[in-house]
file upload.tsv (TSV, C-alpha atoms)
chain	number	residue	atom	x	y	z
A	22	MET	CA	11.52	-21.12	-16.44
A	23	MET	CA	11.53	-17.98	-14.34
A	24	ARG	CA	11.98	-14.64	-16.08
A	25	ARG	CA	14.32	-12.37	-14.17
A	26	VAL	CA	13.47	-8.71	-13.78
A	27	ILE	CA	15.46	-6.09	-11.89
A	28	LEU	CA	13.74	-3.32	-9.98
A	29	GLY	CA	15.96	-0.44	-8.95
A	30	MET	CA	14.73	2.29	-6.64
A	31	SER	CA	16.66	5.54	-6.33
A	32	GLY	CA	16.10	8.49	-4.04
A	33	ALA	CA	13.64	10.62	-6.02
A	34	SER	CA	10.15	11.19	-4.73
A	35	GLY	CA	7.64	8.63	-5.95
A	36	ALA	CA	8.39	5.62	-3.77
A	37	ALA	CA	4.79	4.43	-4.06
A	38	ILE	CA	5.32	3.84	-7.79
A	39	GLY	CA	8.38	1.65	-7.23
A	40	LEU	CA	6.59	-0.28	-4.49
A	41	GLN	CA	3.62	-0.89	-6.82
A	42	VAL	CA	5.93	-2.01	-9.64
A	43	GLY	CA	7.40	-4.53	-7.21
A	44	ARG	CA	3.95	-5.81	-6.23
A	45	LEU	CA	2.90	-6.17	-9.87
A	46	LEU	CA	6.05	-8.05	-10.82
A	47	THR	CA	5.91	-10.43	-7.86
A	48	ALA	CA	2.26	-11.18	-8.60
A	49	MET	CA	3.40	-12.81	-11.86
A	50	ASP	CA	4.07	-16.50	-11.24
A	51	ASP	CA	6.99	-16.72	-13.65
A	52	VAL	CA	8.88	-13.55	-12.63
A	53	GLU	CA	11.91	-13.64	-10.35
A	54	LEU	CA	12.34	-10.15	-8.91
A	55	HIS	CA	15.82	-8.82	-8.17
A	56	LEU	CA	15.72	-5.65	-6.07
A	57	VAL	CA	18.38	-3.00	-5.55
A	58	VAL	CA	17.67	0.13	-3.50
A	59	THR	CA	19.99	3.10	-3.03
A	60	SER	CA	20.61	4.65	0.38
A	61	ALA	CA	18.74	7.78	-0.72
A	62	ALA	CA	15.79	5.59	-1.75
A	63	ARG	CA	15.71	3.99	1.69
A	64	ARG	CA	15.18	7.42	3.21
A	65	THR	CA	12.55	8.43	0.66
A	66	ILE	CA	10.64	5.14	1.01
A	67	ALA	CA	10.53	5.49	4.80
A	68	HIS	CA	9.36	9.11	4.55
A	69	GLU	CA	6.74	8.58	1.84
A	70	ALA	CA	5.48	5.05	2.55
A	71	GLY	CA	6.39	4.30	6.16
A	72	ASN	CA	9.23	2.59	7.97
A	73	ASP	CA	7.99	-0.92	7.16
A	74	ALA	CA	7.40	-0.43	3.41
A	75	LEU	CA	10.89	-1.41	2.29
A	76	GLY	CA	10.83	-4.51	4.48
A	77	ARG	CA	7.57	-5.61	2.89
A	78	LEU	CA	9.03	-5.13	-0.61
A	79	ILE	CA	12.22	-7.00	0.28
A	80	GLY	CA	9.99	-9.83	1.53
A	81	LEU	CA	8.37	-10.07	-1.91
A	82	ALA	CA	11.61	-10.04	-3.90
A	83	ALA	CA	13.38	-13.27	-4.77
A	84	HIS	CA	16.71	-11.51	-4.24
A	85	PHE	CA	17.63	-8.27	-2.50
A	86	HIS	CA	21.02	-6.87	-3.51
A	87	SER	CA	23.03	-4.27	-1.62
A	88	GLU	CA	23.78	-1.18	-3.68
A	89	SER	CA	27.44	-1.53	-2.68
A	90	ASP	CA	27.72	-5.15	-3.91
A	91	ILE	CA	29.12	-4.26	-7.31
A	92	GLY	CA	29.99	-7.95	-7.85
A	93	ALA	CA	26.39	-9.14	-7.49
A	94	SER	CA	24.83	-11.31	-10.19
A	95	ILE	CA	22.78	-8.45	-11.65
A	96	GLY	CA	25.99	-6.51	-12.32
A	97	SER	CA	27.08	-9.00	-14.99
A	98	GLY	CA	25.96	-9.30	-18.58
A	99	SER	CA	26.13	-13.08	-18.31
A	100	PHE	CA	23.22	-12.92	-15.83
A	101	ARG	CA	20.28	-12.96	-18.23
A	102	THR	CA	17.27	-10.79	-17.46
A	103	VAL	CA	14.17	-9.63	-19.29
A	104	GLY	CA	15.05	-6.08	-18.31
A	105	MET	CA	15.10	-3.50	-15.56
A	106	ILE	CA	12.83	-0.77	-14.26
A	107	VAL	CA	14.19	2.09	-12.18
A	108	ALA	CA	11.23	3.57	-10.31
A	109	PRO	CA	11.62	6.25	-9.29
A	110	CYS	CA	14.77	7.31	-11.13
A	111	SER	CA	16.50	10.30	-9.58
A	112	MET	CA	18.33	12.82	-11.73
A	113	ARG	CA	21.55	11.65	-10.06
A	114	SER	CA	20.93	8.05	-11.18
A	115	LEU	CA	19.85	9.22	-14.63
A	116	ALA	CA	23.06	11.26	-14.98
A	117	ALA	CA	25.21	8.32	-13.88
A	118	ILE	CA	23.46	5.93	-16.28
A	119	SER	CA	23.66	8.39	-19.19
A	120	THR	CA	27.42	8.80	-18.73
A	121	GLY	CA	28.32	5.20	-17.90
A	122	ILE	CA	29.27	5.92	-14.28
A	123	THR	CA	28.75	2.58	-12.55
A	124	ASP	CA	29.59	3.55	-8.99
A	125	ASN	CA	26.85	1.49	-7.36
A	126	LEU	CA	24.93	-1.67	-8.21
A	127	LEU	CA	21.85	0.18	-9.46
A	128	THR	CA	23.80	2.14	-12.08
A	129	ARG	CA	25.95	-0.91	-12.92
A	130	ALA	CA	22.87	-3.10	-13.47
A	131	ALA	CA	21.32	-0.38	-15.65
A	132	ASP	CA	24.55	-0.11	-17.63
A	133	VAL	CA	24.49	-3.88	-18.18
A	134	GLN	CA	20.94	-3.67	-19.56
A	135	LEU	CA	22.11	-1.08	-22.08
A	136	LYS	CA	25.26	-2.91	-23.18
A	137	GLU	CA	23.36	-6.20	-23.54
A	138	ARG	CA	20.55	-4.45	-25.47
A	139	ARG	CA	17.94	-5.37	-22.88
A	140	ARG	CA	14.95	-3.26	-21.94
A	141	LEU	CA	15.68	-0.47	-19.44
A	142	VAL	CA	12.75	1.66	-18.28
A	143	LEU	CA	13.60	4.80	-16.30
A	144	LEU	CA	10.80	6.60	-14.44
A	145	ALA	CA	12.72	9.87	-14.33
A	146	ARG	CA	11.27	11.98	-11.55
A	147	GLU	CA	11.99	15.70	-11.36
A	148	THR	CA	10.27	18.95	-12.21
A	149	PRO	CA	10.99	21.42	-13.62
A	150	LEU	CA	13.77	20.11	-15.82
A	151	HIS	CA	16.91	21.99	-16.81
A	152	LEU	CA	18.92	21.41	-19.96
A	153	GLY	CA	21.27	18.93	-18.26
A	154	HIS	CA	18.33	16.73	-17.27
A	155	LEU	CA	16.97	16.82	-20.80
A	156	ARG	CA	20.35	16.00	-22.33
A	157	ASN	CA	20.74	13.03	-20.00
A	158	MET	CA	17.29	11.81	-21.06
A	159	VAL	CA	18.26	12.14	-24.71
A	160	ALA	CA	21.55	10.32	-24.10
A	161	VAL	CA	19.96	7.28	-22.42
A	162	THR	CA	17.25	7.18	-25.07
A	163	GLU	CA	19.90	7.13	-27.79
A	164	MET	CA	21.54	4.22	-25.92
A	165	GLY	CA	18.28	2.26	-25.96
A	166	ALA	CA	16.57	3.08	-22.66
A	167	VAL	CA	12.95	4.10	-22.37
A	168	VAL	CA	12.50	7.31	-20.38
A	169	MET	CA	9.04	7.25	-18.83
A	170	PRO	CA	8.40	10.23	-16.58
A	171	PRO	CA	5.65	9.21	-14.14
A	172	VAL	CA	3.03	11.49	-15.65
A	173	PRO	CA	-0.55	10.65	-14.67
A	174	SER	CA	-3.14	9.94	-17.32
A	175	PHE	CA	-6.22	11.85	-16.25
A	176	TYR	CA	-8.28	10.67	-19.23
A	177	ARG	CA	-8.85	7.39	-17.37
A	178	ASN	CA	-10.69	9.35	-14.65
A	179	PRO	CA	-8.71	8.20	-11.62
A	180	ALA	CA	-10.67	8.27	-8.37
A	181	ASN	CA	-7.64	8.79	-6.12
A	182	VAL	CA	-3.85	8.92	-5.92
A	183	GLU	CA	-3.70	5.13	-5.65
A	184	ASP	CA	-5.35	4.86	-9.08
A	185	LEU	CA	-2.73	7.21	-10.54
A	186	VAL	CA	0.12	5.22	-8.98
A	187	ALA	CA	-1.36	1.91	-10.13
A	188	HIS	CA	-1.71	3.15	-13.70
A	189	ILE	CA	1.86	4.51	-13.90
A	190	ALA	CA	3.32	1.33	-12.38
A	191	ALA	CA	1.34	-0.95	-14.69
A	192	ARG	CA	2.36	1.11	-17.70
A	193	ALA	CA	6.03	0.70	-16.73
A	194	VAL	CA	5.64	-3.06	-16.31
A	195	ASP	CA	3.82	-3.26	-19.65
A	196	LEU	CA	6.90	-1.74	-21.31
A	197	LEU	CA	8.83	-4.91	-20.43
A	198	GLY	CA	6.42	-6.98	-22.55
A	199	LEU	CA	5.98	-9.70	-19.94
A	200	THR	CA	2.33	-10.47	-20.67
A	201	ASP	CA	0.35	-11.21	-23.82
A	202	ALA	CA	-2.35	-8.80	-22.72
A	203	PRO	CA	-1.28	-5.44	-21.30
A	204	LEU	CA	-1.98	-4.70	-17.64
A	205	ILE	CA	-3.47	-1.40	-18.79
A	206	PRO	CA	-6.27	-1.92	-21.32
A	207	GLU	CA	-5.68	-0.26	-24.66
A	208	TRP	CA	-7.38	3.07	-25.18
A	209	ARG	CA	-10.30	2.70	-27.57
A	210	GLY	CA	-11.29	6.35	-27.87
call {"tool": "encode", "arguments": {"input": "upload.tsv", "output": "structure tokens"}}
result
Amino acid sequence: MMRRVILGMSGASGAAIGLQVGRLLTAMDDVELHLVVTSAARRTIAHEAGNDALGRLIGLAAHFHSESDIGASIGSGSFRTVGMIVAPCSMRSLAAISTGITDNLLTRAADVQLKERRRLVLLARETPLHLGHLRNMVAVTEMGAVVMPPVPSFYRNPANVEDLVAHIAARAVDLLGLTDAPLIPEWRG
């Protein structure tokens, strides 16, 4: 049976991370990827990864949902999923999720993950942070989400930016618990 995972991409910088999350998920034989991308994300993806990057990701996904299709399958709790990753997660999307504002399919799908007690991983991308950002992070954490700012781990001695992106994306996917062995080997000291 296929395990359904939702990938949401919002307009924050860091499109490469979301694209890598999508590649990792679609490389798993038993994962059915559902993709929702905001209009701001479309612009960011084109700017940061090229005009054809989104098309390539859509080609990998089992289902691509319009952000305006609030009645899509992923907007219902009866549509069972393993969880959802929002990568990158803009402060606008974080604020909407933290306050239950479901004005597009990305925030509705995230809200469903919370109400159904499913895993929701938010790669919140902004710096520096003001108190409102921090309070929104606390609020979604109290609701059950995992806030994972895409902070690089330099102790693994990355050779380039691609290594940093790959590590952050794999770490996010590992948080869904899809594999017996983590994609990122455990640190042994």
call {"tool": "residues_near_point", "arguments": {"input": "upload.tsv", "point": "(14.7, 9.5, 1.6)", "cutoff": "12 Å", "atoms": "all atoms listed in the file", "output": "mmCIF file with C-alpha atoms, in the frame of the given file"}}
result
data_model
loop_
_atom_site.group_PDB
_atom_site.id
_atom_site.type_symbol
_atom_site.label_atom_id
_atom_site.label_comp_id
_atom_site.auth_asym_id
_atom_site.auth_seq_id
_atom_site.Cartn_x
_atom_site.Cartn_y
_atom_site.Cartn_z
ATOM 1 C CA MET A 30 14.730 2.290 -6.640
ATOM 2 C CA SER A 31 16.660 5.540 -6.330
ATOM 3 C CA GLY A 32 16.100 8.490 -4.040
ATOM 4 C CA ALA A 33 13.640 10.620 -6.020
ATOM 5 C CA SER A 34 10.150 11.190 -4.730
ATOM 6 C CA GLY A 35 7.640 8.630 -5.950
ATOM 7 C CA ALA A 36 8.390 5.620 -3.770
ATOM 8 C CA VAL A 58 17.670 0.130 -3.500
ATOM 9 C CA THR A 59 19.990 3.100 -3.030
ATOM 10 C CA SER A 60 20.610 4.650 0.380
ATOM 11 C CA ALA A 61 18.740 7.780 -0.720
ATOM 12 C CA ALA A 62 15.790 5.590 -1.750
ATOM 13 C CA ARG A 63 15.710 3.990 1.690
ATOM 14 C CA ARG A 64 15.180 7.420 3.210
ATOM 15 C CA THR A 65 12.550 8.430 0.660
ATOM 16 C CA ILE A 66 10.640 5.140 1.010
ATOM 17 C CA ALA A 67 10.530 5.490 4.800
ATOM 18 C CA HIS A 68 9.360 9.110 4.550
ATOM 19 C CA GLU A 69 6.740 8.580 1.840
ATOM 20 C CA ALA A 70 5.480 5.050 2.550
ATOM 21 C CA GLY A 71 6.390 4.300 6.160
ATOM 22 C CA ASN A 72 9.230 2.590 7.970
ATOM 23 C CA LEU A 75 10.890 -1.410 2.290
ATOM 24 C CA PRO A 109 11.620 6.250 -9.290
ATOM 25 C CA SER A 111 16.500 10.300 -9.580
#
call {"tool": "residues_near_point", "arguments": {"input": "upload.tsv", "point": "(24.2, 11.9, -18.6)", "cutoff": "7 Å", "atoms": "all atoms listed in the file", "output": "mmCIF file with C-alpha atoms, in the coordinates of the input"}}
result
data_model
loop_
_atom_site.group_PDB
_atom_site.id
_atom_site.type_symbol
_atom_site.label_atom_id
_atom_site.label_comp_id
_atom_site.auth_asym_id
_atom_site.auth_seq_id
_atom_site.Cartn_x
_atom_site.Cartn_y
_atom_site.Cartn_z
ATOM 1 C CA LEU A 115 19.850 9.220 -14.630
ATOM 2 C CA ALA A 116 23.060 11.260 -14.980
ATOM 3 C CA ALA A 117 25.210 8.320 -13.880
ATOM 4 C CA ILE A 118 23.460 5.930 -16.280
ATOM 5 C CA SER A 119 23.660 8.390 -19.190
ATOM 6 C CA THR A 120 27.420 8.800 -18.730
ATOM 7 C CA ARG A 156 20.350 16.000 -22.330
ATOM 8 C CA ASN A 157 20.740 13.030 -20.000
ATOM 9 C CA ALA A 160 21.550 10.320 -24.100
#
call {"tool": "atom_distance", "arguments": {"input": "upload.tsv", "atom1": "CA of Lys136 in chain A", "atom2": "CA of Val159 in chain A"}}
result
16.7 Å
call {"tool": "atom_distance", "arguments": {"input": "upload.tsv", "atom1": "CA of Ser114 in chain A", "atom2": "CA of Asn181 in chain A"}}
result
29.0 Å
call {"tool": "closest_atom_pairs", "arguments": {"input": "upload.tsv", "of": "range 109-161 of chain A", "to": "range 86-92 of chain A", "cutoff": "7 Å", "atoms": "all atoms listed in the file", "output": "tab-separated table"}}
result
residue	atom	partner	partner_atom	distance
A:Asn125	CA	A:Glu88	CA	5.5
A:Leu126	CA	A:Glu88	CA	4.7
A:Leu127	CA	A:Glu88	CA	6.2
call {"tool": "residues_around", "arguments": {"input": "upload.tsv", "residues": "Arg101 in chain A", "least_positions_apart": "2", "cutoff": "12 Å", "atoms": "all atoms listed in the file", "output": "list in words"}}
result
Met23, Arg24, Arg25, Val26, Ile27, Glu53, His55, Ser94, Ile95, Gly96, Ser97, Gly98, Ser99, Val103, Gly104, Met105, Ala130, Val133, Gln134, Glu137, Arg138, Arg139 and Arg140 of chain A
call {"tool": "closest_residue", "arguments": {"input": "upload.tsv", "among": "A:Ala108, A:Ala74, A:Leu143, A:Ile38", "to": "Pro173 in chain A", "atoms": "only C-alpha atoms"}}
result
A:Ile38
call {"tool": "atom_distance", "arguments": {"input": "upload.tsv", "atom1": "CA of Val142 in chain A", "atom2": "CA of Glu163 in chain A"}}
result
13.1 Å
call {"tool": "closest_residue", "arguments": {"input": "upload.tsv", "among": "A:His188, A:Gly76, A:Leu204, A:Val107", "to": "Asp132 in chain A", "atoms": "all atoms listed in the file"}}
result
A:Val107
call {"tool": "closest_residue", "arguments": {"input": "upload.tsv", "among": "A:Met22, A:Ala83, A:Leu46, A:Leu150", "to": "Ala193 in chain A", "atoms": "only C-alpha atoms"}}
result
A:Leu46
call {"tool": "residues_around", "arguments": {"input": "upload.tsv", "residues": "Pro149 in chain A", "least_positions_apart": "4", "cutoff": "12 Å", "atoms": "only C-alpha atoms", "output": "ChimeraX atom specification"}}
result
/A:112,145,153-155,170
call {"tool": "write_last_selection", "arguments": {"input": "upload.tsv", "atoms": "C-alpha atoms", "output": "PDB file, in the coordinates of the input"}}
result
ATOM      1  CA  MET A 112      18.330  12.820 -11.730  1.00  0.00           C
ATOM      2  CA  ALA A 145      12.720   9.870 -14.330  1.00  0.00           C
ATOM      3  CA  GLY A 153      21.270  18.930 -18.260  1.00  0.00           C
ATOM      4  CA  HIS A 154      18.330  16.730 -17.270  1.00  0.00           C
ATOM      5  CA  LEU A 155      16.970  16.820 -20.800  1.00  0.00           C
ATOM      6  CA  PRO A 170       8.400  10.230 -16.580  1.00  0.00           C
TER       7      PRO A 170
END
call {"tool": "residues_around", "arguments": {"input": "upload.tsv", "residues": "Leu45 in chain A", "least_positions_apart": "3", "cutoff": "9 Å", "atoms": "all atoms listed in the file", "output": "PyMOL selection string"}}
result
chain A and resi 40-42+48-49+190-191+194
call {"tool": "write_last_selection", "arguments": {"input": "upload.tsv", "atoms": "C-alpha atoms", "output": "mmCIF file, in the coordinates of the input"}}
result
data_model
loop_
_atom_site.group_PDB
_atom_site.id
_atom_site.type_symbol
_atom_site.label_atom_id
_atom_site.label_comp_id
_atom_site.auth_asym_id
_atom_site.auth_seq_id
_atom_site.Cartn_x
_atom_site.Cartn_y
_atom_site.Cartn_z
ATOM 1 C CA LEU A 40 6.590 -0.280 -4.490
ATOM 2 C CA GLN A 41 3.620 -0.890 -6.820
ATOM 3 C CA VAL A 42 5.930 -2.010 -9.640
ATOM 4 C CA ALA A 48 2.260 -11.180 -8.600
ATOM 5 C CA MET A 49 3.400 -12.810 -11.860
ATOM 6 C CA ALA A 190 3.320 1.330 -12.380
ATOM 7 C CA ALA A 191 1.340 -0.950 -14.690
ATOM 8 C CA VAL A 194 5.640 -3.060 -16.310
#
